[in-house]
Amino acid sequence: MTKNTNFASKLGMILATAGSAVGLGNIWRFPTMTGENGGAAFIFLYIICTVLLGIPGMMCEFIVGRNGGHNAFRSYLKAGGSNKWGIVGILGLVCSCIILGFYSVVAGWCIYYLIQAIGNNVLGDMNEIKDNFSDLIHSTWIPSTMAVLFIILTHSIIVKGVQGGIEKASKFMMPLLFILLIIIIIASCSLPEAWKGIEFLFKPDFSKITSKVIFEALGQAFFSISLGTACLCTYAAYFKDDINLLSSSAQIVGIDCGIAIMAGLMIFPAAFSVGVEPDAGPNLIFLTLPNVFTTAFSPTWAYIISILFFALLTLAALTSTISMHEIGTSLLSEELKLTRSLAACFITIICCIIGILSALSMGPIPMGVMGTDLFSNFDALTSDILLPLGAILTSIVVGWIMPRKVVVEQLTNKDTLHWKELGINIFYILVRFVCPVGIGIIFLNQIGAFRI
Ligand code: TRP
């Protein structure tokens, strides 16, 4: 098989991969998690997990992917030297379809809010805003139709391919997202009592750290940088040979953490200012932000900003869903020798089914186990179990199974980059011991195998 296409430029590659990382995970899930887990102490753990486990984990996926040069199944197979290891790629495929399914429900809310913003229907007083949101998630048709619409939108970019679709879209959408975030942060932080939100974000209360908080910080870190589902490995197959894997990982993780914290700065000062509890749950951004816009801006500006905000939220979600879709599309088309569009159709249909079930489970047709809905079950199954599992297996294959020579070749771009022996040894210590043991302890502790 010949090698796949590449991302055309380094900037395009960084923005596409950062586009995968930056999404609803940063703007919607991170503030939710932070709110529910006590604020700054959670953020502290989140940053430790992303830097210590996330950067080496990301590099491992990059190594497997670029060395493989093909879809996730083939890359893991090549890395591990047997079909058994290829299963890690398949696991990634299953996991990414589940994530794409439930993720598109929230992405669908974003499109719905965008449409409502254009019709000037999202602004108003807090009670109206709350009622609108609750009507939305409990209705039968709108959330599932919107989720399906979102998956079809993702499909339409995926079929255009890597350079024409993924790279082009990301180069336009990512910078715009950043500018808008800054504007809304300024508005949010200048509201009365905003300092309470800033304090909540940056003043840690270490007594709030429990084993559950550590576990959730780990799950959030992995979710946010798209680690553990072979998504990064799939993208790395499109990296050129001169991409520096260490500095690219650090840049992508830096962008991702930075945007998550910026999202916190956008939401918590506003939430405290309008008296919304920080642990309001998944609907936090859909309740607080329309309120901020109404209070902070003149009606015309509030109208414009609300449209821009929901447009950009939709776009941020889209750069992430593209990456989840790409894993399956590339895997099915190469392994089953299907055309790219037929492979994409299969993935789209599976994800639509998962999306519709998740959407219905939150409102009209309660389904799910362990006392919650299917949407939360899917979220927990992937972030709490499948992502850590995928990350552990990836660090084992790179640390213990792949020949050191191949790994070093990828790290140093075939000896064109200078790596000190010490640096390589530190990388190996992180990948062989710190990542699998660290993730494993947190994981086993959480599923109750033992208690720290
Ligand atoms: N990282 C994305 C976000 O923060 C979500 C995402 C995209 C993802 N691809 C993934 C999560 C693969 C896990 C695995 O929104």
# chains A, B, ... in the order shown; residues from 1 in each chain; ligands from 1

call {"tool": "residues_near_ligand", "arguments": {"ligand": "ligand 1", "cutoff": "10 Å", "atoms": "only C-alpha atoms and all ligand atoms", "output": "PyMOL selection string"}}
result
chain A and resi 17-30+92-93+95-100+103+107+219-232+256-257+259-260+316-327+382-383+386-387+390

call {"tool": "residues_around", "arguments": {"residues": "A:Phe42", "least_positions_apart": "6", "cutoff": "9 Å", "atoms": "only C-alpha atoms", "output": "ChimeraX atom specification"}}
result
/A:33-35,204,206,208-209,213-214,216-217

call {"tool": "write_last_selection", "arguments": {"atoms": "all heavy atoms", "output": "short mmCIF file (atom, residue, chain, number, x, y, z; two decimals), in the first residue's frame"}}
result
data_model
loop_
_atom_site.label_atom_id
_atom_site.label_comp_id
_atom_site.auth_asym_id
_atom_site.auth_seq_id
_atom_site.Cartn_x
_atom_site.Cartn_y
_atom_site.Cartn_z
N MET A 33 -16.97 20.15 34.20
CA MET A 33 -16.17 19.31 35.11
C MET A 33 -15.56 20.15 36.23
O MET A 33 -15.55 19.77 37.39
CB MET A 33 -15.01 18.67 34.35
CG MET A 33 -15.43 17.59 33.42
SD MET A 33 -15.63 16.11 34.41
CE MET A 33 -16.83 15.25 33.48
N THR A 34 -15.02 21.31 35.84
CA THR A 34 -14.40 22.19 36.83
C THR A 34 -15.45 22.61 37.86
O THR A 34 -15.20 22.59 39.07
CB THR A 34 -13.81 23.44 36.15
OG1 THR A 34 -12.94 23.00 35.11
CG2 THR A 34 -13.03 24.30 37.10
N GLY A 35 -16.62 22.97 37.37
CA GLY A 35 -17.69 23.40 38.27
C GLY A 35 -18.11 22.30 39.22
O GLY A 35 -18.30 22.51 40.41
N PRO A 204 -6.83 27.45 44.57
CA PRO A 204 -7.15 26.05 44.84
C PRO A 204 -7.45 25.77 46.31
O PRO A 204 -6.85 26.35 47.20
CB PRO A 204 -5.89 25.30 44.41
CG PRO A 204 -4.81 26.30 44.40
CD PRO A 204 -5.42 27.66 44.27
N PHE A 206 -7.18 22.57 48.31
CA PHE A 206 -6.72 21.19 48.10
C PHE A 206 -7.54 20.17 48.89
O PHE A 206 -7.45 18.98 48.63
CB PHE A 206 -5.23 21.06 48.38
CG PHE A 206 -4.41 21.76 47.33
CD1 PHE A 206 -3.76 22.96 47.59
CD2 PHE A 206 -4.32 21.24 46.05
CE1 PHE A 206 -3.03 23.61 46.60
CE2 PHE A 206 -3.60 21.88 45.05
CZ PHE A 206 -2.95 23.07 45.34
N LYS A 208 -10.44 19.75 48.51
CA LYS A 208 -11.48 19.26 47.58
C LYS A 208 -11.00 18.05 46.76
O LYS A 208 -11.77 17.45 46.03
CB LYS A 208 -11.89 20.38 46.62
CG LYS A 208 -12.56 21.55 47.30
CD LYS A 208 -13.94 21.79 46.69
CE LYS A 208 -14.81 22.69 47.52
NZ LYS A 208 -14.51 24.12 47.36
N ILE A 209 -9.69 17.74 46.84
CA ILE A 209 -9.17 16.64 46.01
C ILE A 209 -9.54 15.29 46.61
O ILE A 209 -9.14 14.96 47.72
CB ILE A 209 -7.64 16.76 45.84
CG1 ILE A 209 -7.32 18.06 45.11
CG2 ILE A 209 -7.09 15.56 45.08
CD1 ILE A 209 -5.86 18.26 44.81
N VAL A 213 -12.04 13.11 42.04
CA VAL A 213 -11.60 14.32 41.34
C VAL A 213 -10.36 14.02 40.49
O VAL A 213 -10.25 14.46 39.34
CB VAL A 213 -11.33 15.46 42.35
CG1 VAL A 213 -10.80 16.69 41.65
CG2 VAL A 213 -12.61 15.82 43.10
N ILE A 214 -9.44 13.22 41.05
CA ILE A 214 -8.23 12.87 40.28
C ILE A 214 -8.64 12.11 39.01
O ILE A 214 -8.16 12.38 37.91
CB ILE A 214 -7.29 11.96 41.11
CG1 ILE A 214 -6.90 12.65 42.41
CG2 ILE A 214 -6.04 11.58 40.31
CD1 ILE A 214 -5.99 11.83 43.30
N GLU A 216 -11.49 12.12 37.43
CA GLU A 216 -12.20 12.95 36.44
C GLU A 216 -11.23 13.88 35.73
O GLU A 216 -11.38 14.15 34.54
CB GLU A 216 -13.30 13.75 37.11
CG GLU A 216 -14.27 12.86 37.86
CD GLU A 216 -15.70 13.00 37.42
OE1 GLU A 216 -16.22 14.11 37.57
OE2 GLU A 216 -16.30 12.01 36.95
N ALA A 217 -10.21 14.34 36.46
CA ALA A 217 -9.22 15.23 35.84
C ALA A 217 -8.47 14.45 34.75
O ALA A 217 -8.20 14.98 33.67
CB ALA A 217 -8.24 15.76 36.88
#

call {"tool": "closest_residue", "arguments": {"among": "A:Gln163, A:Asn71, A:Asn425, A:Ser333", "to": "A:Met13", "atoms": "only C-alpha atoms"}}
result
A:Gln163

call {"tool": "residues_around", "arguments": {"residues": "A:Val398", "least_positions_apart": "3", "cutoff": "12 Å", "atoms": "only C-alpha atoms", "output": "ChimeraX atom specification"}}
result
/A:56-65,67,75-81,85,391-395,401-408,410-411,427-433,435-436

call {"tool": "write_last_selection", "arguments": {"atoms": "N, CA and C atoms", "output": "short mmCIF file (atom, residue, chain, number, x, y, z; two decimals), in the first residue's frame"}}
result
data_model
loop_
_atom_site.label_atom_id
_atom_site.label_comp_id
_atom_site.auth_asym_id
_atom_site.auth_seq_id
_atom_site.Cartn_x
_atom_site.Cartn_y
_atom_site.Cartn_z
N PRO A 56 3.49 12.84 26.74
CA PRO A 56 4.08 11.58 26.28
C PRO A 56 3.06 10.67 25.58
N GLY A 57 1.82 10.70 26.07
CA GLY A 57 0.78 9.86 25.46
C GLY A 57 0.53 10.29 24.02
N MET A 58 0.48 11.60 23.82
CA MET A 58 0.25 12.12 22.47
C MET A 58 1.42 11.74 21.56
N MET A 59 2.65 11.87 22.11
CA MET A 59 3.81 11.51 21.28
C MET A 59 3.77 10.04 20.89
N CYS A 60 3.31 9.19 21.81
CA CYS A 60 3.22 7.76 21.48
C CYS A 60 2.28 7.53 20.31
N GLU A 61 1.11 8.20 20.36
CA GLU A 61 0.18 8.00 19.24
C GLU A 61 0.78 8.53 17.93
N PHE A 62 1.49 9.65 18.04
CA PHE A 62 2.12 10.21 16.84
C PHE A 62 3.15 9.22 16.27
N ILE A 63 3.92 8.62 17.20
CA ILE A 63 4.96 7.69 16.74
C ILE A 63 4.33 6.50 16.02
N VAL A 64 3.30 5.93 16.66
CA VAL A 64 2.63 4.77 16.03
C VAL A 64 2.05 5.19 14.68
N GLY A 65 1.42 6.36 14.63
CA GLY A 65 0.73 6.79 13.42
C GLY A 65 1.68 7.12 12.28
N ASN A 67 4.80 6.29 11.93
CA ASN A 67 5.56 5.11 11.54
C ASN A 67 4.69 4.18 10.69
N SER A 75 -1.57 0.75 11.51
CA SER A 75 -0.45 1.37 12.23
C SER A 75 -0.15 0.62 13.52
N TYR A 76 -1.20 0.25 14.28
CA TYR A 76 -0.96 -0.49 15.52
C TYR A 76 -0.43 -1.88 15.22
N LEU A 77 -0.93 -2.45 14.14
CA LEU A 77 -0.46 -3.77 13.74
C LEU A 77 1.05 -3.70 13.43
N LYS A 78 1.42 -2.67 12.69
CA LYS A 78 2.84 -2.53 12.35
C LYS A 78 3.67 -2.29 13.60
N ALA A 79 3.14 -1.43 14.49
CA ALA A 79 3.90 -1.10 15.71
C ALA A 79 4.09 -2.33 16.59
N GLY A 80 3.02 -3.11 16.76
CA GLY A 80 3.10 -4.25 17.70
C GLY A 80 3.58 -5.53 17.03
N GLY A 81 3.56 -5.53 15.71
CA GLY A 81 4.07 -6.70 15.00
C GLY A 81 3.09 -7.86 14.93
N TRP A 85 -2.31 -6.49 18.16
CA TRP A 85 -2.15 -5.06 18.43
C TRP A 85 -3.03 -4.20 17.55
N ALA A 391 -4.96 4.60 26.02
CA ALA A 391 -3.69 5.29 26.28
C ALA A 391 -2.67 4.33 26.91
N ILE A 392 -3.13 3.46 27.81
CA ILE A 392 -2.20 2.51 28.44
C ILE A 392 -1.64 1.57 27.37
N LEU A 393 -2.52 1.04 26.52
CA LEU A 393 -2.06 0.09 25.51
C LEU A 393 -1.08 0.76 24.55
N THR A 394 -1.36 2.04 24.21
CA THR A 394 -0.46 2.73 23.29
C THR A 394 0.91 2.94 23.93
N SER A 395 0.93 3.31 25.22
CA SER A 395 2.24 3.52 25.83
C SER A 395 2.98 2.18 25.97
N ILE A 401 7.15 -2.72 23.17
CA ILE A 401 7.10 -3.65 22.02
C ILE A 401 7.86 -3.12 20.81
N MET A 402 7.66 -1.86 20.45
CA MET A 402 8.34 -1.35 19.25
C MET A 402 9.85 -1.34 19.47
N PRO A 403 10.62 -1.67 18.44
CA PRO A 403 12.07 -1.59 18.60
C PRO A 403 12.50 -0.16 18.92
N ARG A 404 13.44 -0.04 19.85
CA ARG A 404 13.90 1.29 20.26
C ARG A 404 14.37 2.11 19.05
N LYS A 405 15.02 1.42 18.11
CA LYS A 405 15.56 2.12 16.95
C LYS A 405 14.44 2.85 16.18
N VAL A 406 13.32 2.18 16.02
CA VAL A 406 12.21 2.77 15.27
C VAL A 406 11.64 3.98 16.02
N VAL A 407 11.52 3.81 17.35
CA VAL A 407 10.99 4.92 18.16
C VAL A 407 11.93 6.12 18.07
N VAL A 408 13.23 5.87 18.22
CA VAL A 408 14.20 6.96 18.19
C VAL A 408 14.20 7.63 16.81
N GLN A 410 11.69 8.01 14.89
CA GLN A 410 10.53 8.91 14.82
C GLN A 410 10.75 10.16 15.67
N LEU A 411 11.37 9.98 16.85
CA LEU A 411 11.61 11.14 17.72
C LEU A 411 12.58 12.11 17.08
N PHE A 427 12.14 10.11 28.11
CA PHE A 427 10.93 9.75 27.35
C PHE A 427 10.56 8.29 27.64
N TYR A 428 11.58 7.43 27.62
CA TYR A 428 11.30 6.01 27.86
C TYR A 428 10.78 5.75 29.28
N ILE A 429 11.33 6.46 30.26
CA ILE A 429 10.85 6.25 31.64
C ILE A 429 9.37 6.65 31.72
N LEU A 430 9.05 7.80 31.09
CA LEU A 430 7.65 8.25 31.13
C LEU A 430 6.73 7.25 30.45
N VAL A 431 7.18 6.77 29.29
CA VAL A 431 6.30 5.93 28.50
C VAL A 431 6.22 4.49 29.03
N ARG A 432 7.35 4.01 29.55
CA ARG A 432 7.33 2.62 30.03
C ARG A 432 6.69 2.48 31.41
N PHE A 433 6.97 3.48 32.27
CA PHE A 433 6.51 3.32 33.66
C PHE A 433 5.47 4.35 34.06
N CYS A 435 3.48 6.54 32.54
CA CYS A 435 2.14 6.54 31.91
C CYS A 435 1.33 5.30 32.26
N PRO A 436 1.81 4.09 31.95
CA PRO A 436 0.93 2.94 32.23
C PRO A 436 0.64 2.77 33.72
#

call {"tool": "residues_around", "arguments": {"residues": "A:Leu123", "least_positions_apart": "2", "cutoff": "7 Å", "atoms": "only C-alpha atoms", "output": "list in words"}}
result
Asn120, Asn121, Pro290, Asn291 and Thr294 of chain A

call {"tool": "residues_around", "arguments": {"residues": "A:Leu201", "least_positions_apart": "4", "cutoff": "9 Å", "atoms": "only C-alpha atoms", "output": "list in words"}}
result
Thr34, Gly38, Gly39, Ala40, Ala41, Ile43, Lys196, Gly197, Ile261, Gly264, Leu265 and Phe268 of chain A

call {"tool": "write_last_selection", "arguments": {"atoms": "N, CA, C and O atoms", "output": "compact mmCIF listing (two decimals), in the first residue's frame"}}
result
# COMPACT_ATOMS: atom_id res chain seq x y z
N THR A 34 -15.02 21.31 35.84
CA THR A 34 -14.40 22.19 36.83
C THR A 34 -15.45 22.61 37.86
O THR A 34 -15.20 22.59 39.07
N GLY A 38 -15.14 21.32 42.04
CA GLY A 38 -14.57 22.24 43.01
C GLY A 38 -13.59 23.29 42.51
O GLY A 38 -12.91 23.92 43.30
N GLY A 39 -13.47 23.52 41.20
CA GLY A 39 -12.70 24.66 40.73
C GLY A 39 -11.21 24.44 40.62
O GLY A 39 -10.74 23.47 40.03
N ALA A 40 -10.43 25.38 41.21
CA ALA A 40 -8.99 25.45 40.96
C ALA A 40 -8.23 24.15 41.24
O ALA A 40 -7.30 23.81 40.51
N ALA A 41 -8.63 23.42 42.29
CA ALA A 41 -7.89 22.19 42.62
C ALA A 41 -8.01 21.20 41.47
O ALA A 41 -7.06 20.50 41.12
N ILE A 43 -8.43 22.04 38.31
CA ILE A 43 -7.62 22.54 37.19
C ILE A 43 -6.16 22.19 37.40
O ILE A 43 -5.45 21.79 36.47
N LYS A 196 -15.37 36.77 41.84
CA LYS A 196 -15.66 35.51 42.52
C LYS A 196 -15.38 34.32 41.60
O LYS A 196 -14.92 33.27 42.03
N GLY A 197 -15.69 34.52 40.32
CA GLY A 197 -15.46 33.45 39.35
C GLY A 197 -13.97 33.24 39.12
O GLY A 197 -13.49 32.11 38.97
N ILE A 261 -8.69 26.95 29.74
CA ILE A 261 -8.69 27.92 30.83
C ILE A 261 -9.38 29.21 30.40
O ILE A 261 -10.13 29.84 31.16
N GLY A 264 -12.92 28.77 30.81
CA GLY A 264 -13.28 28.94 32.22
C GLY A 264 -13.43 30.41 32.55
O GLY A 264 -14.37 30.84 33.23
N LEU A 265 -12.49 31.21 32.01
CA LEU A 265 -12.53 32.66 32.28
C LEU A 265 -13.71 33.33 31.61
O LEU A 265 -14.15 34.41 32.00
N PHE A 268 -17.04 31.31 34.17
CA PHE A 268 -17.27 31.41 35.62
C PHE A 268 -17.49 32.84 36.13
O PHE A 268 -18.39 33.05 36.95

call {"tool": "residues_around", "arguments": {"residues": "stretch 416-419 of chain A", "least_positions_apart": "2", "cutoff": "12 Å", "atoms": "only C-alpha atoms", "output": "ChimeraX atom specification"}}
result
/A:241-247,408-414,421-427

call {"tool": "write_last_selection", "arguments": {"atoms": "N, CA, C and O atoms", "output": "PDB file, in the first residue's frame"}}
result
ATOM      1  N   ASP A 241       7.564  13.969   7.145  1.00  0.00           N
ATOM      2  CA  ASP A 241       8.679  13.414   7.908  1.00  0.00           C
ATOM      3  C   ASP A 241       9.437  14.452   8.722  1.00  0.00           C
ATOM      4  O   ASP A 241      10.180  14.112   9.634  1.00  0.00           O
ATOM      5  N   ASP A 242       9.310  15.747   8.351  1.00  0.00           N
ATOM      6  CA  ASP A 242      10.111  16.734   9.091  1.00  0.00           C
ATOM      7  C   ASP A 242       9.353  17.366  10.263  1.00  0.00           C
ATOM      8  O   ASP A 242       9.827  18.318  10.870  1.00  0.00           O
ATOM      9  N   ILE A 243       8.177  16.856  10.590  1.00  0.00           N
ATOM     10  CA  ILE A 243       7.446  17.413  11.739  1.00  0.00           C
ATOM     11  C   ILE A 243       8.119  16.944  13.028  1.00  0.00           C
ATOM     12  O   ILE A 243       8.369  15.749  13.205  1.00  0.00           O
ATOM     13  N   ASN A 244       8.411  17.905  13.922  1.00  0.00           N
ATOM     14  CA  ASN A 244       9.045  17.561  15.194  1.00  0.00           C
ATOM     15  C   ASN A 244       7.945  17.116  16.181  1.00  0.00           C
ATOM     16  O   ASN A 244       7.096  17.906  16.595  1.00  0.00           O
ATOM     17  N   LEU A 245       7.968  15.846  16.540  1.00  0.00           N
ATOM     18  CA  LEU A 245       6.844  15.309  17.316  1.00  0.00           C
ATOM     19  C   LEU A 245       6.777  15.880  18.725  1.00  0.00           C
ATOM     20  O   LEU A 245       5.694  16.113  19.255  1.00  0.00           O
ATOM     21  N   LEU A 246       7.956  16.122  19.338  1.00  0.00           N
ATOM     22  CA  LEU A 246       7.937  16.665  20.699  1.00  0.00           C
ATOM     23  C   LEU A 246       7.383  18.085  20.712  1.00  0.00           C
ATOM     24  O   LEU A 246       6.445  18.399  21.445  1.00  0.00           O
ATOM     25  N   SER A 247       7.955  18.944  19.858  1.00  0.00           N
ATOM     26  CA  SER A 247       7.506  20.344  19.948  1.00  0.00           C
ATOM     27  C   SER A 247       6.064  20.471  19.464  1.00  0.00           C
ATOM     28  O   SER A 247       5.292  21.270  20.001  1.00  0.00           O
ATOM     29  N   VAL A 408      13.230   5.865  18.220  1.00  0.00           N
ATOM     30  CA  VAL A 408      14.202   6.963  18.185  1.00  0.00           C
ATOM     31  C   VAL A 408      14.203   7.628  16.809  1.00  0.00           C
ATOM     32  O   VAL A 408      14.286   8.854  16.694  1.00  0.00           O
ATOM     33  N   GLU A 409      14.035   6.832  15.779  1.00  0.00           N
ATOM     34  CA  GLU A 409      13.973   7.378  14.427  1.00  0.00           C
ATOM     35  C   GLU A 409      12.813   8.363  14.289  1.00  0.00           C
ATOM     36  O   GLU A 409      12.944   9.415  13.673  1.00  0.00           O
ATOM     37  N   GLN A 410      11.690   8.014  14.888  1.00  0.00           N
ATOM     38  CA  GLN A 410      10.530   8.908  14.823  1.00  0.00           C
ATOM     39  C   GLN A 410      10.755  10.162  15.669  1.00  0.00           C
ATOM     40  O   GLN A 410      10.402  11.261  15.268  1.00  0.00           O
ATOM     41  N   LEU A 411      11.374   9.978  16.848  1.00  0.00           N
ATOM     42  CA  LEU A 411      11.607  11.136  17.717  1.00  0.00           C
ATOM     43  C   LEU A 411      12.581  12.112  17.077  1.00  0.00           C
ATOM     44  O   LEU A 411      12.423  13.330  17.185  1.00  0.00           O
ATOM     45  N   THR A 412      13.614  11.563  16.428  1.00  0.00           N
ATOM     46  CA  THR A 412      14.669  12.431  15.897  1.00  0.00           C
ATOM     47  C   THR A 412      14.504  12.696  14.406  1.00  0.00           C
ATOM     48  O   THR A 412      15.413  13.244  13.772  1.00  0.00           O
ATOM     49  N   ASN A 413      13.392  12.311  13.841  1.00  0.00           N
ATOM     50  CA  ASN A 413      13.192  12.427  12.384  1.00  0.00           C
ATOM     51  C   ASN A 413      14.390  11.867  11.627  1.00  0.00           C
ATOM     52  O   ASN A 413      15.043  12.575  10.856  1.00  0.00           O
ATOM     53  N   LYS A 414      14.668  10.632  11.868  1.00  0.00           N
ATOM     54  CA  LYS A 414      15.798   9.919  11.235  1.00  0.00           C
ATOM     55  C   LYS A 414      17.109  10.668  11.426  1.00  0.00           C
ATOM     56  O   LYS A 414      17.820  10.966  10.471  1.00  0.00           O
ATOM     57  N   GLU A 421      20.905  11.675  24.680  1.00  0.00           N
ATOM     58  CA  GLU A 421      20.573  10.334  25.177  1.00  0.00           C
ATOM     59  C   GLU A 421      19.672  10.450  26.423  1.00  0.00           C
ATOM     60  O   GLU A 421      18.719   9.695  26.593  1.00  0.00           O
ATOM     61  N   LEU A 422      19.998  11.460  27.263  1.00  0.00           N
ATOM     62  CA  LEU A 422      19.229  11.651  28.493  1.00  0.00           C
ATOM     63  C   LEU A 422      17.751  11.917  28.172  1.00  0.00           C
ATOM     64  O   LEU A 422      16.846  11.363  28.792  1.00  0.00           O
ATOM     65  N   GLY A 423      17.512  12.737  27.148  1.00  0.00           N
ATOM     66  CA  GLY A 423      16.140  13.071  26.760  1.00  0.00           C
ATOM     67  C   GLY A 423      15.395  11.805  26.343  1.00  0.00           C
ATOM     68  O   GLY A 423      14.241  11.592  26.724  1.00  0.00           O
ATOM     69  N   ILE A 424      16.072  10.990  25.566  1.00  0.00           N
ATOM     70  CA  ILE A 424      15.428   9.757  25.100  1.00  0.00           C
ATOM     71  C   ILE A 424      15.142   8.838  26.286  1.00  0.00           C
ATOM     72  O   ILE A 424      14.057   8.244  26.385  1.00  0.00           O
ATOM     73  N   ASN A 425      16.078   8.785  27.236  1.00  0.00           N
ATOM     74  CA  ASN A 425      15.835   7.939  28.405  1.00  0.00           C
ATOM     75  C   ASN A 425      14.664   8.463  29.234  1.00  0.00           C
ATOM     76  O   ASN A 425      13.850   7.678  29.724  1.00  0.00           O
ATOM     77  N   ILE A 426      14.579   9.777  29.376  1.00  0.00           N
ATOM     78  CA  ILE A 426      13.445  10.325  30.139  1.00  0.00           C
ATOM     79  C   ILE A 426      12.131   9.969  29.433  1.00  0.00           C
ATOM     80  O   ILE A 426      11.160   9.543  30.055  1.00  0.00           O
ATOM     81  N   PHE A 427      12.137  10.113  28.108  1.00  0.00           N
ATOM     82  CA  PHE A 427      10.935   9.750  27.354  1.00  0.00           C
ATOM     83  C   PHE A 427      10.563   8.289  27.645  1.00  0.00           C
ATOM     84  O   PHE A 427       9.406   7.968  27.925  1.00  0.00           O
TER      85      PHE A 427
END

call {"tool": "residues_around", "arguments": {"residues": "A:Ile186", "least_positions_apart": "5", "cutoff": "12 Å", "atoms": "only C-alpha atoms", "output": "PyMOL selection string"}}
result
chain A and resi 179-181+191+194+262-263+265-267+269-270+292-293+296-297

call {"tool": "write_last_selection", "arguments": {"atoms": "C-alpha atoms", "output": "tab-separated table (two decimals), in the first residue's frame"}}
result
chain	number	residue	atom	x	y	z
A	179	ILE	CA	-10.42	36.09	18.70
A	180	LEU	CA	-14.00	35.58	19.75
A	181	LEU	CA	-13.04	33.95	23.01
A	191	LEU	CA	-19.43	42.13	34.95
A	194	ALA	CA	-16.79	38.69	38.31
A	262	MET	CA	-9.87	30.77	28.63
A	263	ALA	CA	-13.26	29.06	28.42
A	265	LEU	CA	-12.53	32.66	32.28
A	266	MET	CA	-15.34	33.25	29.87
A	267	ILE	CA	-17.92	31.31	31.86
A	269	PRO	CA	-17.00	35.16	36.15
A	270	ALA	CA	-20.28	35.46	34.27
A	292	VAL	CA	-23.92	37.54	29.82
A	293	PHE	CA	-24.60	38.76	26.35
A	296	ALA	CA	-23.02	43.07	29.12
A	297	PHE	CA	-23.81	44.45	25.69

call {"tool": "closest_residue", "arguments": {"among": "A:Ser376, A:Pro364, A:Val148, A:Tyr113", "to": "A:Leu313", "atoms": "only C-alpha atoms"}}
result
A:Tyr113

call {"tool": "closest_residue", "arguments": {"among": "A:His70, A:Lys160, A:Lys84, A:Lys203", "to": "A:Phe44", "atoms": "only C-alpha atoms"}}
result
A:Lys203

call {"tool": "closest_residue", "arguments": {"among": "A:Leu338, A:Ile129, A:Ile305, A:Met370", "to": "A:Phe286", "atoms": "only C-alpha atoms"}}
result
A:Ile129

call {"tool": "select_by_dssp", "arguments": {"residues": "stretch 135-235 of chain A", "states": "alpha helix (DSSP H)", "output": "number ranges by chain"}}
result
A: 135-138, 141-158, 168-189, 194-202, 211-224, 231-235

call {"tool": "closest_residue", "arguments": {"among": "A:Gly124, A:Gly254, A:Gly89, A:Gly54", "to": "A:Pro299", "atoms": "only C-alpha atoms"}}
result
A:Gly124

call {"tool": "closest_residue", "arguments": {"among": "A:Met126, A:Val105, A:Ile447, A:Leu53", "to": "A:Met362", "atoms": "only C-alpha atoms"}}
result
A:Val105

call {"tool": "atom_distance", "arguments": {"atom1": "atom CA of A:Thr5", "atom2": "atom CA of A:Ser248"}}
result
19.1 Å
